[in-house]
$ cat upload.tsv   # TSV, C-alpha atoms
chain	number	residue	atom	x	y	z
A	22	MET	CA	-13.06	-22.85	22.82
A	23	ARG	CA	-13.67	-26.44	23.99
A	24	LYS	CA	-17.07	-26.59	22.31
A	25	GLY	CA	-15.60	-25.33	19.04
A	26	ALA	CA	-12.48	-27.52	19.09
A	27	GLU	CA	-13.98	-29.97	16.59
A	28	PHE	CA	-14.27	-27.07	14.14
A	29	ALA	CA	-10.65	-25.96	14.73
A	30	ILE	CA	-11.78	-22.52	15.89
A	31	LYS	CA	-9.14	-20.05	17.03
A	32	PRO	CA	-9.41	-16.99	19.24
A	33	CYS	CA	-9.37	-13.61	17.57
A	34	GLY	CA	-9.27	-10.05	18.81
A	35	LEU	CA	-10.73	-6.69	17.84
A	36	GLY	CA	-8.16	-6.24	15.06
A	37	ALA	CA	-9.39	-9.39	13.32
A	38	ARG	CA	-13.01	-8.35	13.80
A	39	ASP	CA	-12.23	-4.91	12.39
A	40	THR	CA	-10.56	-6.38	9.30
A	41	LEU	CA	-13.47	-8.73	8.69
A	42	ARG	CA	-16.08	-5.98	8.99
A	43	LEU	CA	-14.04	-3.76	6.64
A	44	GLU	CA	-13.84	-6.52	4.02
A	45	MET	CA	-17.66	-6.72	4.20
A	46	CYS	CA	-18.00	-2.89	4.31
A	47	TYR	CA	-19.88	-2.92	7.60
A	48	PRO	CA	-19.55	0.57	9.10
A	49	LEU	CA	-18.36	0.92	12.68
A	50	ASN	CA	-19.99	3.39	15.06
A	51	GLY	CA	-17.47	6.02	16.11
A	52	SER	CA	-15.36	5.49	12.99
A	53	ASP	CA	-17.62	5.29	9.95
A	54	LEU	CA	-20.79	6.37	11.73
A	55	ALA	CA	-20.98	9.53	13.80
A	56	PRO	CA	-23.58	12.08	14.94
A	57	ASP	CA	-22.90	14.19	11.82
A	58	THR	CA	-23.63	11.35	9.35
A	59	THR	CA	-26.98	10.07	8.20
A	60	PRO	CA	-28.10	6.55	7.29
A	61	ILE	CA	-28.53	7.70	3.68
A	62	GLU	CA	-24.94	8.99	3.44
A	63	ALA	CA	-23.72	5.76	5.07
A	64	GLY	CA	-25.68	3.54	2.66
A	65	LEU	CA	-27.91	2.26	5.46
A	66	SER	CA	-31.28	3.68	4.39
A	67	ILE	CA	-32.67	0.14	4.17
A	68	PHE	CA	-32.67	0.14	7.99
A	69	VAL	CA	-34.80	3.29	8.28
A	70	ASP	CA	-38.59	3.01	8.20
A	71	MET	CA	-39.57	6.21	6.39
A	72	GLN	CA	-43.23	5.18	6.73
A	73	LYS	CA	-42.98	5.68	10.49
A	74	PRO	CA	-44.90	8.92	11.13
A	75	ASP	CA	-42.42	10.62	13.44
A	76	PHE	CA	-38.84	10.19	14.58
A	77	ILE	CA	-35.85	12.45	15.21
A	78	GLY	CA	-34.23	13.37	11.91
A	79	ARG	CA	-37.13	12.25	9.70
A	80	GLU	CA	-37.47	15.60	7.92
A	81	ALA	CA	-33.72	15.76	7.19
A	82	LEU	CA	-33.81	12.26	5.72
A	83	ILE	CA	-36.85	13.07	3.59
A	84	ARG	CA	-34.97	16.13	2.29
A	85	GLN	CA	-31.85	14.05	1.55
A	86	LYS	CA	-33.88	11.42	-0.30
A	87	LYS	CA	-35.49	14.14	-2.39
A	88	GLU	CA	-32.43	16.36	-3.01
A	89	GLY	CA	-29.67	13.77	-2.78
A	90	VAL	CA	-26.66	13.76	-0.50
A	91	LYS	CA	-23.38	15.65	-0.80
A	92	ARG	CA	-21.26	12.66	0.18
A	93	ARG	CA	-21.42	8.88	0.42
A	94	LEU	CA	-19.57	6.27	2.46
A	95	VAL	CA	-17.71	4.17	-0.09
A	96	PRO	CA	-15.16	1.37	0.13
A	97	PHE	CA	-11.81	1.63	-1.57
A	98	LYS	CA	-8.98	-0.71	-2.35
A	99	MET	CA	-5.36	0.29	-2.81
A	100	THR	CA	-4.23	-0.53	-6.37
A	101	GLY	CA	-0.60	-1.29	-5.65
A	102	VAL	CA	1.96	-1.80	-2.95
A	103	SER	CA	1.49	0.69	-0.12
A	104	PRO	CA	1.53	0.92	3.65
A	105	PRO	CA	-1.90	0.06	5.05
A	106	PRO	CA	-4.41	2.90	5.06
A	107	ARG	CA	-5.77	3.94	8.44
A	108	SER	CA	-8.49	6.31	9.62
A	109	HIS	CA	-8.06	10.07	9.18
A	110	TYR	CA	-5.78	9.83	6.12
A	111	ALA	CA	-6.35	12.43	3.40
A	112	VAL	CA	-8.12	11.33	0.21
A	113	TYR	CA	-7.24	13.15	-3.02
A	114	LYS	CA	-8.69	13.43	-6.50
A	115	GLY	CA	-5.95	15.00	-8.55
A	116	GLU	CA	-4.57	17.90	-6.53
A	117	GLN	CA	-7.80	18.39	-4.58
A	118	LYS	CA	-8.20	16.95	-1.09
A	119	ILE	CA	-11.75	15.63	-1.20
A	120	ALA	CA	-12.13	13.60	1.99
A	121	GLU	CA	-10.57	11.76	4.89
A	122	THR	CA	-10.63	8.02	5.44
A	123	THR	CA	-12.89	6.77	8.20
A	124	SER	CA	-11.41	3.26	8.41
A	125	GLY	CA	-8.55	1.37	6.85
A	126	SER	CA	-6.43	-1.75	7.23
A	127	LEU	CA	-4.45	-4.37	5.40
A	128	SER	CA	-6.79	-7.11	4.25
A	129	PRO	CA	-5.15	-10.48	4.86
A	130	THR	CA	-7.79	-12.09	2.65
A	131	LEU	CA	-7.40	-9.72	-0.30
A	132	LYS	CA	-3.70	-9.12	0.42
A	133	ILE	CA	-3.98	-5.35	-0.14
A	134	GLY	CA	-4.92	-2.21	1.77
A	135	ILE	CA	-8.62	-1.44	2.03
A	136	GLY	CA	-10.76	1.20	3.71
A	137	MET	CA	-13.80	3.45	3.64
A	138	ALA	CA	-14.32	7.18	3.33
A	139	TYR	CA	-17.12	9.70	2.88
A	140	ILE	CA	-16.48	10.87	-0.68
A	141	PRO	CA	-18.27	13.80	-2.35
A	142	THR	CA	-21.09	12.40	-4.47
A	143	GLU	CA	-19.56	13.56	-7.75
A	144	PHE	CA	-16.57	11.25	-7.11
A	145	ALA	CA	-18.38	8.43	-5.26
A	146	ARG	CA	-18.54	6.09	-8.24
A	147	ILE	CA	-17.32	2.52	-8.59
A	148	ASN	CA	-13.93	2.41	-10.39
A	149	GLU	CA	-13.23	6.08	-9.60
A	150	GLN	CA	-9.48	6.55	-9.17
A	151	ILE	CA	-8.41	8.34	-5.98
A	152	GLU	CA	-5.25	8.65	-3.92
A	153	ILE	CA	-4.73	8.09	-0.21
A	154	GLU	CA	-2.00	10.08	1.53
A	155	ILE	CA	-0.03	7.76	3.80
A	156	ARG	CA	2.96	9.06	5.72
A	157	GLY	CA	3.24	12.13	3.50
A	158	LYS	CA	3.12	10.22	0.19
A	159	ARG	CA	0.14	9.56	-2.06
A	160	PHE	CA	-0.77	6.04	-3.12
A	161	PRO	CA	-3.33	5.08	-5.80
A	162	ALA	CA	-6.63	3.51	-4.83
A	163	VAL	CA	-9.94	2.79	-6.50
A	164	ILE	CA	-13.51	3.01	-5.25
A	165	GLU	CA	-15.03	-0.45	-5.23
A	166	LYS	CA	-18.43	-2.11	-5.04
A	167	LYS	CA	-19.61	-3.42	-1.66
A	168	PRO	CA	-18.61	-5.83	-0.23
A	169	LEU	CA	-14.87	-5.85	-0.90
A	170	HIS	CA	-14.65	-9.56	-0.10
A	171	ARG	CA	-16.95	-11.95	-1.88
A	172	ALA	CA	-16.89	-15.73	-1.73
A	173	GLY	CA	-14.23	-17.01	-4.10
A	174	THR	CA	-12.33	-13.70	-4.44
A	175	ALA	CA	-9.47	-14.32	-2.02
A	176	SER	CA	-6.00	-13.76	-3.45
A	177	ALA	CA	-3.61	-16.69	-3.60

$ encode --input "upload.tsv" --output "structure tokens"
Amino acid sequence: MRKGAEFAIKPCGLGARDTLRLEMCYPLNGSDLAPDTTPIEAGLSIFVDMQKPDFIGREALIRQKKEGVKRRLVPFKMTGVSPPPRSHYAVYKGEQKIAETTSGSLSPTLKIGIGMAYIPTEFARINEQIEIEIRGKRFPAVIEKKPLHRAGTASA
């Protein structure tokens, strides 16, 4: 803290780190990444060297690249006033429950609720309208492009 005093740095905790990583759409192990997800579903295939001759899961990833995936990790933004989304909230498309959120929070930068969820591929499109069930009530949201926060996009 002393070394950063000239830059007016302030301490922050895990909540702040979690909000920042969500605004950038960085997945968190244990929340957005789990043993039953693949790098392709999570949008992280750039970090996998498919030219490597052998590694655990290589054949499954080759199959997914060839056949496509059934779901994708996508970011969403609430489109109106709502309580903040959290993990494990139901995601709806019309009357159909299609997914569950993996992460969610109120973005102090964007001044709206944001989150991520593994959405079936047929709905995992930018600008797709969805609903997040929060405390027994559904609130509108939209699937967005990554990252949610870009330089110069902060709300006033």

$ atom_distance --input "upload.tsv" --atom1 "atom CA of A:Asp53" --atom2 "atom CA of A:Glu165"
16.4 Å

$ closest_residue --input "upload.tsv" --among "A:Ala162, A:Phe144, A:Thr123, A:Lys132" --to "A:Lys91" --atoms "only C-alpha atoms"
A:Phe144

$ atom_distance --input "upload.tsv" --atom1 "atom CA of A:Ile119" --atom2 "atom CA of A:Glu149"
12.8 Å

$ residues_near_point --input "upload.tsv" --point "(-1.6, 6.6, 3.0)" --cutoff "9 Å" --atoms "only C-alpha atoms" --output "list in words"
Ser103, Pro104, Pro105, Pro106, Arg107, Tyr110, Ala111, Val112, Glu152, Ile153, Glu154, Ile155, Arg156, Gly157, Lys158, Arg159 and Phe160 of chain A

$ atom_distance --input "upload.tsv" --atom1 "atom CA of A:Gly51" --atom2 "atom CA of A:Tyr113"
22.8 Å

$ residues_around --input "upload.tsv" --residues "stretch 94-97 of chain A" --least-positions-apart "3" --cutoff "6 Å" --atoms "only C-alpha atoms" --output "PyMOL selection string"
chain A and resi 63+135-139+163-165

$ closest_residue --input "upload.tsv" --among "A:Ala145, A:Ile67, A:Ala29, A:Ile61" --to "A:Leu82" --atoms "all atoms listed in the file"
A:Ile61
